[in-house]
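Source file: final.cif (mmCIF, C-alpha atoms and all ligand atoms)
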data_start
#
loop_
_atom_site.label_atom_id
_atom_site.label_comp_id
_atom_site.auth_asym_id
_atom_site.auth_seq_id
_atom_site.Cartn_x
_atom_site.Cartn_y
_atom_site.Cartn_z
CA MET M 1 95.32 62.82 76.36
CA LEU M 2 93.42 65.94 77.41
CA LYS M 3 92.14 66.28 80.96
CA ILE M 4 90.59 68.78 83.34
CA PRO M 5 93.32 70.84 85.10
CA GLU M 6 93.97 69.63 88.63
CA HIS M 7 95.17 73.02 89.82
CA GLN M 8 92.74 75.62 88.47
CA VAL M 9 91.80 78.23 91.09
CA ALA M 10 89.43 80.61 89.24
CA GLY M 11 87.59 81.23 85.97
CA HIS M 12 85.32 79.00 83.93
CA LYS M 13 85.85 75.33 84.74
CA ALA M 14 85.46 72.24 82.59
CA SER M 15 84.03 70.14 85.40
CA ASP M 16 80.33 69.13 85.39
CA GLY M 17 80.12 69.17 81.60
CA LEU M 18 80.76 72.91 81.33
CA LEU M 19 83.02 74.74 78.91
CA GLY M 20 86.47 75.21 80.42
CA PRO M 21 90.18 74.71 79.87
CA LEU M 22 91.95 71.38 79.42
CA VAL M 23 95.59 70.35 79.86
CA ASP M 24 97.80 67.58 78.50
CA ASP M 25 100.86 65.78 79.86
CA SER M 26 103.29 67.79 77.75
CA GLY M 27 102.76 71.03 79.69
CA ARG M 28 100.16 72.74 77.50
CA PHE M 29 97.02 74.55 78.65
CA TYR M 30 94.10 74.68 76.19
CA LYS M 31 91.73 77.56 76.82
CA PRO M 32 88.48 77.38 74.79
CA LEU M 33 87.57 80.50 72.85
CA GLN M 34 84.27 81.89 73.98
CA ASP M 35 81.78 82.58 71.17
CA ASP M 36 81.66 86.33 71.68
CA GLU M 37 84.42 88.89 71.22
CA ARG M 38 86.22 87.66 74.38
CA GLY M 39 87.71 84.72 72.48
CA SER M 40 88.82 86.72 69.45
CA ARG M 41 90.18 89.52 71.63
CA GLU M 42 92.41 87.11 73.55
CA VAL M 43 93.73 85.56 70.30
CA THR M 44 94.37 89.06 68.95
CA PHE M 45 96.27 89.96 72.10
CA TYR M 46 98.50 86.86 72.13
CA THR M 47 99.19 87.21 68.39
CA SER M 48 100.08 90.88 68.70
CA PHE M 49 102.12 90.41 71.89
CA SER M 50 104.14 87.50 70.44
CA SER M 51 105.39 89.58 67.54
CA ASN M 52 105.57 93.00 69.15
CA THR M 53 109.20 94.10 69.09
CA ARG M 54 108.46 96.92 71.55
CA VAL M 55 107.95 94.36 74.35
CA PRO M 56 111.30 93.85 76.13
CA ASP M 57 112.55 90.25 76.30
CA HIS M 58 112.77 90.26 80.10
CA ILE M 59 109.03 91.04 80.26
CA ARG M 60 108.02 88.06 78.11
CA ARG M 61 108.78 85.64 80.95
CA PHE M 62 105.77 87.03 82.82
CA PHE M 63 103.41 85.73 80.11
CA PRO M 64 102.54 82.13 79.23
CA ASN M 65 104.12 80.99 75.95
CA PHE M 66 101.61 81.06 73.09
CA TYR M 67 101.49 78.22 70.55
CA GLY M 68 98.60 79.41 68.36
CA THR M 69 95.10 77.98 68.29
CA GLN M 70 93.85 74.46 67.72
CA LEU M 71 90.44 72.88 67.04
CA LEU M 72 89.68 70.46 69.87
CA GLU M 73 86.67 68.61 71.30
CA ALA M 74 85.22 71.07 73.80
CA SER M 75 84.86 69.96 77.42
CA ASP M 76 81.09 70.60 77.38
CA GLY M 77 80.49 68.02 74.66
CA SER M 78 79.43 70.64 72.12
CA GLY M 79 81.90 69.40 69.50
CA LEU M 80 84.97 70.93 67.90
CA ARG M 81 85.90 74.42 69.09
CA PRO M 82 89.05 76.54 68.69
CA HIS M 83 91.26 76.65 71.78
CA LEU M 84 94.21 78.87 72.62
CA VAL M 85 97.27 76.65 73.07
CA LEU M 86 99.29 78.06 75.96
CA GLN M 87 102.09 77.04 78.25
CA ASP M 88 100.65 75.36 81.34
CA VAL M 89 102.40 77.56 83.89
CA VAL M 90 101.86 75.15 86.79
CA SER M 91 102.88 71.94 85.00
CA SER M 92 106.47 72.18 86.24
CA HIS M 93 105.19 72.04 89.83
CA LEU M 94 104.30 68.82 91.62
CA HIS M 95 102.37 70.45 94.47
CA PRO M 96 101.76 74.08 93.48
CA SER M 97 100.35 76.68 95.81
CA ILE M 98 98.53 79.19 93.59
CA MET M 99 96.84 82.55 93.97
CA ASP M 100 94.91 84.30 91.18
CA ILE M 101 94.74 88.06 91.81
CA LYS M 102 92.58 90.13 89.46
CA ILE M 103 94.31 93.49 89.09
CA GLY M 104 92.66 96.90 88.82
CA SER M 105 90.00 98.76 90.75
CA ARG M 106 88.01 98.75 87.50
CA THR M 107 87.58 95.44 85.64
CA TRP M 108 85.58 96.84 82.72
CA TYR M 109 86.88 98.78 79.76
CA PRO M 110 85.34 102.05 78.62
CA GLN M 111 84.30 100.73 75.17
CA ALA M 112 82.28 97.83 76.66
CA PRO M 113 78.47 97.61 76.38
CA GLU M 114 76.64 99.41 79.19
CA ASP M 115 75.10 96.24 80.70
CA TYR M 116 78.56 94.63 80.89
CA ILE M 117 79.98 97.73 82.58
CA GLN M 118 77.18 97.68 85.15
CA ARG M 119 77.77 93.97 85.90
CA CYS M 120 81.51 94.53 86.40
CA LEU M 121 80.96 97.67 88.43
CA LYS M 122 78.68 95.74 90.80
CA LYS M 123 81.35 93.03 91.25
CA ASP M 124 84.08 95.65 91.73
CA ARG M 125 82.04 97.34 94.44
CA GLU M 126 81.11 94.11 96.19
CA THR M 127 84.66 92.79 96.21
CA SER M 128 87.95 94.34 97.28
CA SER M 129 88.66 95.62 93.74
CA LEU M 130 87.34 99.11 94.29
CA SER M 131 88.90 99.59 97.73
CA LEU M 132 92.25 97.83 97.20
CA GLY M 133 92.82 97.97 93.46
CA PHE M 134 92.78 94.17 93.23
CA ARG M 135 90.83 91.16 94.38
CA ILE M 136 91.90 87.62 95.12
CA SER M 137 89.90 85.60 92.59
CA GLY M 138 90.85 82.20 93.94
CA LEU M 139 93.65 80.35 95.69
CA GLN M 140 94.92 77.02 96.87
CA VAL M 141 97.66 76.27 99.35
CA HIS M 142 99.26 72.87 99.23
CA GLY M 143 99.01 71.14 102.60
CA ASN M 144 100.12 67.91 104.16
CA LYS M 145 98.31 64.75 105.33
CA GLU M 146 97.12 66.35 108.56
CA LEU M 147 96.23 69.81 107.26
CA GLY M 148 95.02 68.94 103.76
CA HIS M 149 94.75 71.50 100.94
CA TRP M 150 93.49 74.96 101.84
CA LYS M 151 91.22 76.05 98.98
CA PRO M 152 88.67 78.50 100.36
CA GLU M 153 85.41 79.22 98.59
CA ARG M 154 85.98 81.72 95.77
CA LYS M 155 82.96 83.89 96.41
CA VAL M 156 84.16 84.41 99.99
CA VAL M 157 87.79 85.06 99.06
CA GLN M 158 86.80 87.75 96.56
CA LYS M 159 85.05 89.80 99.22
CA LEU M 160 87.81 89.95 101.81
CA THR M 161 88.48 93.26 103.49
CA ALA M 162 91.97 94.80 103.54
CA ASP M 163 92.84 93.11 106.86
CA GLU M 164 91.56 89.79 105.60
CA VAL M 165 93.53 90.10 102.36
CA ARG M 166 96.64 90.76 104.47
CA LEU M 167 95.94 87.62 106.43
CA ALA M 168 95.24 85.54 103.32
CA LEU M 169 98.56 86.67 101.82
CA ARG M 170 100.29 85.57 105.03
CA LYS M 171 98.48 82.25 105.09
CA PHE M 172 99.51 81.70 101.49
CA VAL M 173 103.16 81.51 102.62
CA SER M 174 102.65 79.71 105.93
CA SER M 175 103.54 76.13 106.77
CA ASN M 176 100.41 75.77 108.90
CA SER M 177 97.70 77.14 106.57
CA SER M 178 94.55 75.19 107.13
CA ALA M 179 90.84 75.55 107.60
CA ASP M 180 91.44 75.74 111.36
CA PRO M 181 90.50 79.26 112.52
CA TYR M 182 92.66 79.02 115.65
CA VAL M 183 95.94 78.49 113.82
CA VAL M 184 98.01 81.68 113.65
CA PRO M 185 99.79 81.74 110.25
CA ASP M 186 103.54 81.36 110.80
CA SER M 187 104.60 83.09 107.51
CA LEU M 188 107.48 80.60 107.47
CA PHE M 189 108.01 80.84 103.70
CA ALA M 190 107.52 84.62 103.36
CA SER M 191 111.19 85.40 102.81
CA SER M 192 111.82 82.55 100.37
CA VAL M 193 108.61 83.07 98.36
CA TYR M 194 107.94 86.81 98.54
CA GLY M 195 111.48 88.02 99.29
CA GLY M 196 114.92 87.71 97.70
CA SER M 197 116.26 88.79 94.35
CA SER M 198 114.04 86.37 92.42
CA GLY M 199 111.02 86.26 94.72
CA ILE M 200 107.48 87.45 94.07
CA LEU M 201 108.14 91.02 95.25
CA ALA M 202 111.18 91.44 92.98
CA GLN M 203 109.19 90.09 90.03
CA LEU M 204 106.24 92.41 90.74
CA LEU M 205 108.62 95.38 90.95
CA GLU M 206 110.09 94.47 87.57
CA LEU M 207 106.60 94.23 86.10
CA LYS M 208 105.61 97.52 87.70
CA ALA M 209 108.61 99.27 86.13
CA TRP M 210 107.38 98.15 82.71
CA PHE M 211 103.85 99.34 83.45
CA GLU M 212 105.21 102.77 84.43
CA ASP M 213 106.30 103.12 80.84
CA GLN M 214 104.31 100.84 78.51
CA SER M 215 101.32 102.37 76.76
CA ILE M 216 100.80 99.64 74.14
CA TYR M 217 98.09 97.65 75.95
CA HIS M 218 95.50 98.17 78.65
CA PHE M 219 95.21 94.96 80.66
CA ASN M 220 91.58 95.18 81.80
CA SER M 221 90.38 92.38 84.08
CA CYS M 222 93.68 90.60 83.77
CA SER M 223 95.10 88.48 86.62
CA VAL M 224 98.47 88.02 88.22
CA LEU M 225 98.98 84.35 89.01
CA ILE M 226 101.40 83.68 91.87
CA VAL M 227 102.75 80.14 92.09
CA TYR M 228 105.30 78.40 94.31
CA GLU M 229 106.29 74.92 95.41
CA LYS M 230 105.85 74.40 99.14
CA GLU M 231 107.38 70.90 99.27
CA SER M 232 110.62 72.23 97.82
CA VAL M 233 110.86 75.14 100.28
CA LEU M 234 110.18 72.74 103.16
CA LYS M 235 113.22 70.72 102.09
CA GLY M 236 115.36 73.87 101.92
CA GLY M 237 115.24 73.93 98.09
CA PRO M 238 114.21 76.75 95.73
CA SER M 239 110.66 78.06 96.10
CA GLY M 240 110.08 78.17 92.34
CA ALA M 241 108.17 81.42 92.98
CA GLN M 242 106.73 82.78 89.74
CA VAL M 243 104.54 85.66 88.70
CA LYS M 244 102.55 85.17 85.48
CA LEU M 245 99.95 87.37 83.84
CA ILE M 246 96.88 85.55 82.51
CA ASP M 247 93.44 86.24 81.00
CA PHE M 248 93.63 88.74 78.18
CA ALA M 249 90.00 88.55 77.03
CA HIS M 250 89.51 92.25 77.79
CA VAL M 251 92.84 93.73 76.73
CA VAL M 252 92.48 96.79 74.51
CA GLU M 253 94.99 99.06 72.81
CA GLY M 254 96.70 101.59 75.06
CA ASN M 255 96.93 104.32 72.39
CA GLY M 256 99.88 105.99 74.03
CA VAL M 257 98.31 106.25 77.52
CA ILE M 258 99.74 104.26 80.43
CA ASP M 259 97.54 101.60 82.03
CA HIS M 260 97.04 103.48 85.29
CA ASN M 261 94.28 101.08 86.38
CA PHE M 262 96.64 98.08 86.26
CA LEU M 263 99.61 100.07 87.55
CA GLY M 264 97.67 101.27 90.60
CA GLY M 265 96.53 97.74 91.41
CA VAL M 266 100.06 96.34 91.16
CA CYS M 267 101.37 99.12 93.44
CA SER M 268 98.72 98.25 96.00
CA LEU M 269 99.57 94.53 95.85
CA ILE M 270 103.28 95.36 96.17
CA LYS M 271 102.56 97.35 99.31
CA PHE M 272 100.65 94.45 100.90
CA ILE M 273 103.45 91.99 100.14
CA SER M 274 106.23 94.38 101.24
CA GLU M 275 104.51 94.81 104.58
CA ILE M 276 104.50 91.06 105.17
CA LEU M 277 108.25 91.02 104.53
CA THR M 278 108.97 93.96 106.80
CA THR M 279 106.67 92.93 109.68
CA PRO M 280 108.56 90.35 111.68
CA ASP M 281 106.68 87.11 112.28
CA GLU M 282 106.92 87.54 116.04
CA CYS M 283 104.47 90.40 115.68
CA LEU M 284 101.71 87.91 115.11
CA THR M 285 102.11 86.50 118.59
CA THR M 286 102.93 89.76 120.36
CA ASN M 287 101.27 93.09 120.58
CA CYS M 288 102.21 94.81 117.37
CA LEU M 289 99.20 93.74 115.31
CA GLN M 290 96.56 96.26 114.47
CA ASP M 291 93.41 95.64 116.51
CA SER M 292 91.43 94.57 113.47
CA GLU M 293 94.07 92.01 112.50
CA ARG M 294 94.14 90.58 115.99
CA ALA M 295 90.36 90.29 115.97
CA VAL M 296 90.52 88.28 112.77
CA LEU M 297 93.23 86.01 114.12
CA THR M 298 91.87 85.29 117.55
CA MET M 299 88.47 84.53 116.07
CA GLY M 300 86.77 85.40 119.35
CA THR M 301 85.55 88.51 117.59
CA ALA M 302 86.31 87.43 114.07
CA THR M 303 84.30 88.69 111.18
CA GLY M 304 81.88 86.34 109.51
CA SER M 305 83.75 86.34 106.25
CA GLU M 306 87.05 85.42 107.86
CA GLN M 307 85.37 82.54 109.66
CA SER M 308 83.97 81.35 106.41
CA ILE M 309 87.24 81.52 104.51
CA TYR M 310 88.62 79.05 107.02
CA ASN M 311 85.51 76.94 107.16
CA ALA M 312 85.03 76.80 103.42
O1 LIG M 401 80.15 83.81 85.24
P1 LIG M 401 80.69 84.24 86.57
O2 LIG M 401 79.71 84.91 87.44
O3 LIG M 401 81.44 83.14 87.24
O4 LIG M 401 81.70 85.41 86.25
C1 LIG M 401 82.97 85.20 85.65
C2 LIG M 401 84.01 85.67 86.64
O5 LIG M 401 83.93 84.86 87.76
P2 LIG M 401 83.71 85.47 89.20
O6 LIG M 401 83.18 86.85 89.08
O7 LIG M 401 85.06 85.39 89.76
O8 LIG M 401 82.76 84.51 89.77
C3 LIG M 401 85.39 85.56 86.04
O9 LIG M 401 86.31 86.03 86.98
P3 LIG M 401 87.66 85.22 87.32
O10 LIG M 401 88.45 85.23 86.04
O11 LIG M 401 87.23 83.87 87.75
O12 LIG M 401 88.26 86.02 88.40
C4 LIG M 401 85.51 86.43 84.80
O13 LIG M 401 85.35 87.77 85.18
C5 LIG M 401 84.44 86.04 83.81
O14 LIG M 401 84.39 87.04 82.83
P4 LIG M 401 85.25 87.01 81.53
O15 LIG M 401 85.19 85.64 80.95
O16 LIG M 401 86.63 87.40 81.96
O17 LIG M 401 84.57 88.04 80.73
C6 LIG M 401 83.05 86.01 84.40
O18 LIG M 401 82.25 85.34 83.45
P5 LIG M 401 81.01 85.97 82.71
O19 LIG M 401 79.92 86.09 83.71
O20 LIG M 401 81.45 87.29 82.19
O21 LIG M 401 80.77 84.95 81.66
N1 LIG M 402 98.46 79.32 81.16
C1 LIG M 402 97.94 78.76 82.26
N2 LIG M 402 98.57 77.76 82.89
C2 LIG M 402 98.05 77.18 84.00
N3 LIG M 402 96.90 77.55 84.56
C3 LIG M 402 96.22 78.57 83.99
C4 LIG M 402 96.70 79.23 82.82
N4 LIG M 402 95.82 80.18 82.48
C5 LIG M 402 94.83 80.13 83.39
N5 LIG M 402 95.06 79.16 84.30
C6 LIG M 402 94.18 78.75 85.40
O1 LIG M 402 92.84 78.94 84.98
C7 LIG M 402 92.18 79.92 85.79
C8 LIG M 402 91.28 80.79 84.94
O2 LIG M 402 92.01 81.37 83.89
P1 LIG M 402 91.44 82.61 83.07
O3 LIG M 402 92.30 82.81 81.88
O4 LIG M 402 91.27 83.75 84.00
O5 LIG M 402 89.99 82.08 82.63
P2 LIG M 402 88.58 82.85 82.49
O6 LIG M 402 88.71 83.66 81.24
O7 LIG M 402 87.62 81.71 82.39
O8 LIG M 402 88.39 83.69 83.72
C9 LIG M 402 93.30 80.65 86.52
O9 LIG M 402 92.88 81.11 87.78
C10 LIG M 402 94.36 79.57 86.66
O10 LIG M 402 94.09 78.74 87.78
#
Structure re-expressed in structure tokens:
Amino acid sequence: MLKIPEHQVAGHKASDGLLGPLVDDSGRFYKPLQDDERGSREVTFYTSFSSNTRVPDHIRRFFPNFYGTQLLEASDGSGLRPHLVLQDVVSSHLHPSIMDIKIGSRTWYPQAPEDYIQRCLKKDRETSSLSLGFRISGLQVHGNKELGHWKPERKVVQKLTADEVRLALRKFVSSNSSADPYVVPDSLFASSVYGGSSGILAQLLELKAWFEDQSIYHFNSCSVLIVYEKESVLKGGPSGAQVKLIDFAHVVEGNGVIDHNFLGGVCSLIKFISEILTTPDECLTTNCLQDSERAVLTMGTATGSEQSIYNA
């Protein structure tokens, strides 16, 4: 039976009778093809990528498995529509914490219509894309009975400043993430989720190495999805930390030129995550925070947007 995904953090959603993705119990994610070229471009990408012998095997694990397309009843009640059949990359997690990070300071592609470019450019300017080379598109952190889930409002998350992004990345791996503005994130899971030989940082570095060389595709407006299992880490088990690339509706051919827009964004994200690993947690309660970070944390002089990410 098809249902609305429980753990979707960004993008078009199937709730409220709209067109959006569906999942089943066997671990498949069904993404409806949009009527315009976005749908066909994503099918073209998955088809090409699946059979492209120039893509190294170790890189394939960063992409959802692709099982072709299938005609299904669309979630908006408009009847049968082709859907991409993909691996549901969160289905192996009981309580996933997820962050969708749209990579690139530019989310449009040069061949796009002028009005589309202008719309993207406006979003890139108004969000952290232009300044940081990426923006957090959406996130959820699994909580407990007392704290609940932390799933801040997407429009607020997308506009975080560099200091706020730093804080959000810390909160993402903290045992005490909540809507409470007075809680200092403890970064308790930073080393098990971000660090180690199979953690998020190691995976991003492996991906970056491929992007330093590959010139087959340009991954415009594509996201890195970071997922881990908090319950497991709390019990001393594996974090299940995974990096997956998603959303290929704007991928174009690379024509022998490296994807410097994506590469730059990944480098920037790597730097943010490395800093969390190298800044000892004690720093959050002592004096080694930058003034701006301390302002955000103490909330006495917090910025409006930080207040609202907690209050959302
Ligand atoms: O419709 P909106 O305003 O939610 O915009 C969508 C974006 O949501 P956001 O900017 O995060 O609110 C959405 O961004 P996310 O994937 O949610 O980060 C996409 O950019 C989507 O465009 P496309 O389907 O990739 O061409 C965008 O959809 P279109 O406006 O291009 O249909
Ligand atoms: N293969 C997948 N498995 C599980 N969840 C996914 C998968 N692909 C996307 N998602 C979820 O759906 C959201 C939107 O996906 P995306 O492909 O960006 O859609 P859109 O084109 O509508 O922006 C992601 O933020 C993530 O939460």
Contact residues around Ser175 in chain M with only C-alpha atoms at 8 Å, ignoring same-chain residues under 3 positions, as an NGL selection string: :M and (143 or 185-189)
Which residues of chain M have any atom within 6 Å of an atom in ligand LIG 401 (chain M) when counting only C-alpha atoms and all ligand atoms, and what is the closest pair of atoms for each, with the distance in Å to one decimal? Order the rows by chain and rising number and write it as a Markdown table.
| residue | atom | partner | partner_atom | distance |
| --- | --- | --- | --- | --- |
| M:Ala10 | CA | M:LIG401 | O11 | 4.2 |
| M:Gly11 | CA | M:LIG401 | O11 | 3.2 |
| M:Ser137 | CA | M:LIG401 | O12 | 4.5 |
Go through chain M residue by residue and, counting all atoms listed in the file, keep those with an atom at most 6 Å from ligand LIG 402 (chain M); for each kept residue give the shortest atom pair and its distance in Å to one decimal, ordered by chain and increasing number, as CSV.
residue,atom,partner,partner_atom,distance
M:Gln8,CA,M:LIG402,O10,3.5
M:Val9,CA,M:LIG402,O10,4.1
M:Ala10,CA,M:LIG402,O9,3.8
M:Gly11,CA,M:LIG402,O8,3.4
M:His12,CA,M:LIG402,O7,3.9
M:Phe29,CA,M:LIG402,N2,5.5
M:Pro64,CA,M:LIG402,N1,5.3
M:Leu86,CA,M:LIG402,N1,5.4
M:Gln87,CA,M:LIG402,N1,5.2
M:Asp88,CA,M:LIG402,N2,3.5
M:Val89,CA,M:LIG402,N2,4.0
M:Val90,CA,M:LIG402,C2,5.1
M:Asp100,CA,M:LIG402,O9,5.1
M:Ile246,CA,M:LIG402,O3,5.4
M:Asp247,CA,M:LIG402,O3,3.7
Distance in Å - CA of Val156 in chain M versus CA of Asp259 in chain M: 28.2 Å
Which of M:Ile136, M:Val23, M:Leu205, M:Val85 sits closest to Ile270 in chain M [using only C-alpha atoms]: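 Once distances to Ile270 in chain M are computed over only C-alpha atoms, the minimum belongs to M:Leu205.
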Pairwise distance for CA of Ser105 in chain M and CA of Gln214 in chain M, rounded to one decimal in Å: 18.9 Å
Using all atoms listed in the file: which of M:Lys159, M:His142, M:His260, M:Lys151 has the shortest distance to Asp124 in chain M: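 Going through M:Lys159, M:His142, M:His260, M:Lys151 one by one, the smallest distance to Asp124 in chain M is for M:Lys159.
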Test item: which residues lie within 9 Å of (102.1, 97.2, 77.0) counting only C-alpha atoms, as a list in words: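 Final list of nearby residues, as requested, is Phe49, Arg54, Val55, Trp210, Phe211, Asp213, Gln214, Ser215, Ile216, Tyr217, His218, Phe219, Glu253, Gly254, Ile258 and Asp259 of chain M.
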Two-atom distance - CA of Leu22 in chain M, CA of Lys3 in chain M (Å):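 If I compute the distance from CA of Leu22 in chain M to CA of Lys3 in chain M, I get 5.3 Å.
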Residue nearest Tyr109 in chain M - candidates M:Leu94, M:Val165, M:Leu204, M:Leu121, atoms counted: only C-alpha atoms: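 Distance minimum relative to Tyr109 in chain M lands on M:Leu121.
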